[in-house]
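Have a look at the structure below before the remarks.
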Amino acid sequence: MVLLQILEPGESPDLTATRSIAVGIDLGTTNSLIAQFDGTQVRVFEDESGQPSLPSVVHYGAESTQVGGAALALANEQPENTIASAKRMLGRARQDVADDPYANLTTDGALAFATDQGNKTPVEVSAAILDALKIRAEGHLESPIAGAVITVPAYFDDAQRQATRQAAELAGIKVLRLLNEPTAAAVAYGLEEQAEESSLLAVYDLGGGTFDISILRMRAGLFEVLATGGDSALGGDDFDREIARYAMTELGITDPTPRQRRTLLSLARHAKQTLSESSEVQIDGSALGSDVPPLSLTRHTLETLIEPYIERTLVACRQALNDAGVESVDRVVLVGGSTRTPAVAQAVAGCFGQTPLCILDPDQVVAMGAARQADILIGNRSDNDALLLDVIPLSLGLETYGGLAERIIDRNSTIPIARAQEFTTARDGQTGLVVHVVQGERERVADCRSLARFELNGIPPMVAGAARIEVTFRVDADGILEVSAVEQQTGARSEVVVKPAFGLDERDITDMLKASYEFAAEDMVARKLAEAGVEAEALLEGLRVAMAQDGDLLERDEAQTLDEGMARLEEVLQQADADAIRDNTEKLGRASETFAARRMDRSIQSALQGISVGQLDAESS
Amino acid sequence: MWLWRELHGLTVSATAGAAARDYFSLFNVEPSFTIDETVLEQVYHSLLSQFHPDRYAGKPQVEQRVAAQLCADINAGYRTLLGEVTRAQYLLQHSGVDLRAAEREGVGADFLMTQILLRERLESIAESDPASRQALVRDVDEHYGASRERFAEAAQSASWRDAARYWQEMCYLEKLVDATGSRGR
């Protein structure tokens with residue numbers, strides 16, 4: 001919340017002091033970053049040694065927990081306690097990850113990694129990374145952050161998005177918005193401001209271990225994901241392995257020790273990076289053994305070695321263009337450190353017939369875009385800024401008779417959105433039914449992804465087709481789904497917030513929050529109290545302004561109820577009781593909902609008047 | 001324990017339990033099948049840019065919630081009014097037509113026959129025969145256009161019973177268009 005400043009007459013407001021601090025976070029598979037837009041430029045926060053990216057690795061040792069480079073350093077020593085690439089497991093159910101290469105996955109209960117500190121879920125691992133980033137940013141800013149925009153891959157489904165939000169909650173970060181990674185990259189380049197007409201954009205993202213291609217359509221702030229594709233096991237690490245393999249052959253190393261293998265990989269990475277700038281590099285063999293000679297590697301050889309991998313990315317690009325139903329795009333943006341390899345950029349240029357945008361650091365571009373958007377959302381810029389509208393990537397529907405999927409909300413629907421469909425019973429005397437919520441474009445339920453399943457009971461026995469069951473799907477601005485079913489005659493009702501199959505519910509989260517603050521119980525009390533206070537103050541201030549402006553929308557008794565609620569909340573605020581403050585805030589919030597809705601209806605009227613006047617002007621000129 | 005689908009969707013308000021919002025008045029257009037899509041889009045963008053939850057990111061939760069609900073209505077309304085079949089259906093509901101009764105009455109026998117023949121043609125076309133597929137798509141489009149014209153006329157003259165029949169024809173034909181795969185998805 002922006003604090004109000006009281007000014008002496010003639011004094012001009014100090015803009016820097018009122019700037020609320022919101023950050024952008026790129027929570028990556030291999031590396032994560034945190035950045036802030038300070039009003040003129042984006043600043044990516046570095047660690048003490050000047051490294052902007054934090055390896056997305058967490059080490060849960062018997063003694064202590066390490067995050068980032070320190071954790072990575074322990075990966076070889078204690079692989080079972082060191083978790084890398086947890087993002088791949090985020091929001092996944094056990095059956096989704098049957099053959100993934102994690103040695104220490106638990107075999108029952110919620111999907112987790114077994115460590116010396118007990119079972120750690122992917123949500124907790126991600127929370128540890130987010131927490132480390134938050135501490136880093138707050139250290140630089142010398143101030144707490146008010147909120148964050150966190151990026152997620154465009155193909156992330158509801159479950160994966162929920163899991164990301166839960167990780168943020170666990171780390172004590174208020175999520176302003178989850179933003180698609182390719183959209184963030186486009187925002188970093190300011191492309192949303194240029195797109196008056198509809199234009200097509202490809203975002204080519206080749207990281208260390210993953211490759212993503214997204215085709216987007218942009219129009220007036222609307223980013224529509226037309227197609228996504230890629231390979232979750234393809235990236236710059238493959239280049240390193242190819243170079244290492246080549247070096248082994250050339251140097252006659254047949255059976256490397258684990259130590260030699262690691263050294264080879266790090267020499268290979270270094271050689272690859274050098275070849276982005278020069279045409280030849282000497283690999284120092286002495287690090288592998290005293291009698292190992294140096295080896296020369298040319299850029300040409302490197303390109304031959306990695307050519308098959310690049311070709312695989314191009315196949316995915318062509319497939320994505322095909323899926324999107326377009327032949328070409330207007331712009332291409334490069335994301336991910338591996339796009340620094342000149343052969344990659346050239347191949348992309350060839351594939352899309354144009355020079356890709358790569359002025360911004362490809363490792364940082366996603367975090368930079370997220371930071372810009374966070375700054376807008378926290379309210380530091382005017383309302384005329386482009387609005388980023390997200391769409392749901394896959395259709396949502398439910399299972400009907402015969403195992404067919406009935407779509408309720410089509411893919412590419414702008415969110416938030418609510419849609420309902422009426423259904424009836426298929427059999428005589430049917431008193432209950434299963435609502436099976438699925439995601440996907442295919443006609444058969446078996447080919448779609450199952451999101452949730454719940455029952456509606458208490459339907460009075462009737463002949464088939466007589467019951468009227470209204471099923472409503474609601475998707476919020478973050479793409480999170482809520483489904484309800486109501487039988488119209490009896491009012492029998494059942495609903496579910498699509499709690500993804502990865503199975504963390506509110507209680508789990510609360511337990512984890514408690515556990516993470518076990519040794520800092522006082523901190524937690526203080527934090528809860530502060531959060532409750534901020535929300536209460538915001539509501540009180542908002543209501544005061546609203547009642548002054550639109551008090552005429554309230555009946556006398558309604559105004560009285562609100563006045564009383566406000567007085568009570570102010571009273572409770574004086575006591576340091578977080579639960580009481582929260583309860584009263586919640587009550588007053590509910591009580592003022594109708595008022596808020598009426599005020600919004602009033603502003604719809606004025607918004608519409610503005611438009612019709614504008615149109616008349618346009619027509620008469 | 002299965003659901004049986006019905007032809008029509010429902011218009012609901014994003015606020016659970018609240019009466020459905022009138023999309024025509026939300027978008028400030030006359031209740032009619034003929035809508036200027038440019039105006040619709042303009043209104044849509046201006047409503048969204050004012051009421052999107054992002055505009056309320058720093059506001060009290062009650063305002064965020066109400067804005068999110070309103071925005072869900074705006075998005076659902078835009079999609080409903082933008083699509084011809086959904087707009088036709090909404091106009092019928094708006095005019096008090098009982099869609100369930102209309103569905104029971106169904107479409108004419110002639111139309112059903114045409115529909116069955118078109119379906120059979122679709123099933124007999126081989127993957128390797130794009131020319132026949134194209135010809136079929138053209139024919140389906142033509143039938144759809146005719147049903148749409150009939151709907152527009154019936155709606156214009158408030159002959160709702162006829163209009164409801166033509167709307168169902170549009171539904172069938174739209175499904176057929178989807179099945180031919182000629183519409184990008």
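Residue names in the structure tokens use chain letters A, B, ... in the order shown, residue numbers from 1 in each chain, and ligand numbers from 1 in the order shown.
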Residues within 8 Å of Ala244 of chain A, only C-alpha atoms, excluding chain neighbours under 3 positions, as an MDAnalysis selection string: chainID A and resid 240:241 247:248 264:265 267:268
Residue neighbourhood segment 120-130 of chain B, 12 Å, only C-alpha atoms, exclusion window fewer than 3 positions, as a list in words: Met113, Thr114, Gln115, Ile116, Leu117, Arg133, Gln134, Ala135, Leu136, Val137, Asp139, Val140, Leu176, Val177, Asp178, Ala179, Thr180, Gly181 and Ser182 of chain B
Nearest-residue call for Phe223 of chain A, choices A:Glu77, A:Glu250, A:Glu406, A:Glu193, using only C-alpha atoms: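 Checking each of A:Glu77, A:Glu250, A:Glu406, A:Glu193 against Phe223 of chain A, counting only C-alpha atoms, the winner is A:Glu193.
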Give me, as a compact mmCIF listing (two decimals) with C-alpha atoms, in the first residue's frame, the residues of chain A touching chain B, with the criterion being at most 8 Å (counting only C-alpha atoms).
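This went into selection_35.txt:
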# COMPACT_ATOMS: atom_id res chain seq x y z
CA MET A 1 0.00 0.00 0.00
CA LEU A 176 0.66 -9.89 -7.41
CA ARG A 177 0.38 -12.06 -10.46
CA GLY A 325 -1.89 -22.17 -37.60
CA LEU A 377 0.71 -3.79 -10.54
CA ILE A 378 1.82 -2.33 -7.23
CA GLY A 379 0.48 0.96 -8.50
CA ASP A 383 -3.67 3.52 -15.19
CA LEU A 387 -2.90 -4.30 -19.40
CA GLU A 399 -16.77 -35.88 -18.45
CA THR A 400 -20.17 -36.72 -19.85
CA TYR A 401 -21.89 -39.97 -20.74
CA GLU A 406 -17.64 -31.56 -22.76
CA SER A 413 -10.46 -17.61 -23.13
CA THR A 414 -9.33 -14.44 -21.44
CA ILE A 415 -9.29 -14.80 -17.67
CA PRO A 416 -10.85 -14.29 -15.18
CA ILE A 417 -13.95 -15.91 -16.56
CA ALA A 418 -17.04 -17.79 -15.39
CA ARG A 419 -19.16 -20.08 -17.54
CA ALA A 420 -21.90 -22.52 -16.73
CA GLN A 421 -23.58 -25.34 -18.51
CA GLU A 422 -26.74 -27.20 -17.67
CA PHE A 423 -26.70 -30.96 -17.52
CA THR A 424 -29.19 -33.62 -16.67
CA THR A 425 -29.17 -37.20 -15.44
CA ALA A 426 -28.66 -40.10 -17.81
CA ARG A 427 -30.58 -42.80 -15.90
CA GLN A 430 -30.25 -41.36 -10.54
CA GLY A 432 -26.03 -38.69 -7.46
CA LEU A 433 -23.35 -38.06 -10.00
CA VAL A 434 -19.64 -37.65 -10.34
CA VAL A 435 -18.36 -34.38 -11.70
CA GLY A 465 -33.44 -36.07 -18.22
CA THR A 472 -20.28 -23.59 -13.13
CA ARG A 474 -14.82 -20.06 -12.52
CA ASP A 476 -9.50 -16.40 -11.54
CA ALA A 477 -6.89 -14.00 -12.91
CA GLU A 535 -5.08 -5.28 5.32
CA ALA A 538 -6.31 -0.64 3.63
CA LEU A 539 -9.95 -1.60 4.01
CA GLY A 542 -10.71 2.47 1.14
CA GLY A 589 -15.16 -6.82 3.91
CA ARG A 590 -18.18 -9.08 3.43
CA SER A 592 -19.14 -3.87 2.22
CA GLU A 593 -19.19 -6.20 -0.79
CA ALA A 596 -18.25 -2.16 -3.68
CA ALA A 597 -20.31 -3.85 -6.39
CA MET A 600 -18.32 -0.55 -9.70
CA ILE A 604 -19.32 1.12 -15.56
CA ALA A 607 -16.92 4.38 -18.45
CA LEU A 608 -19.57 3.65 -21.06
CA ILE A 611 -16.96 5.68 -24.93
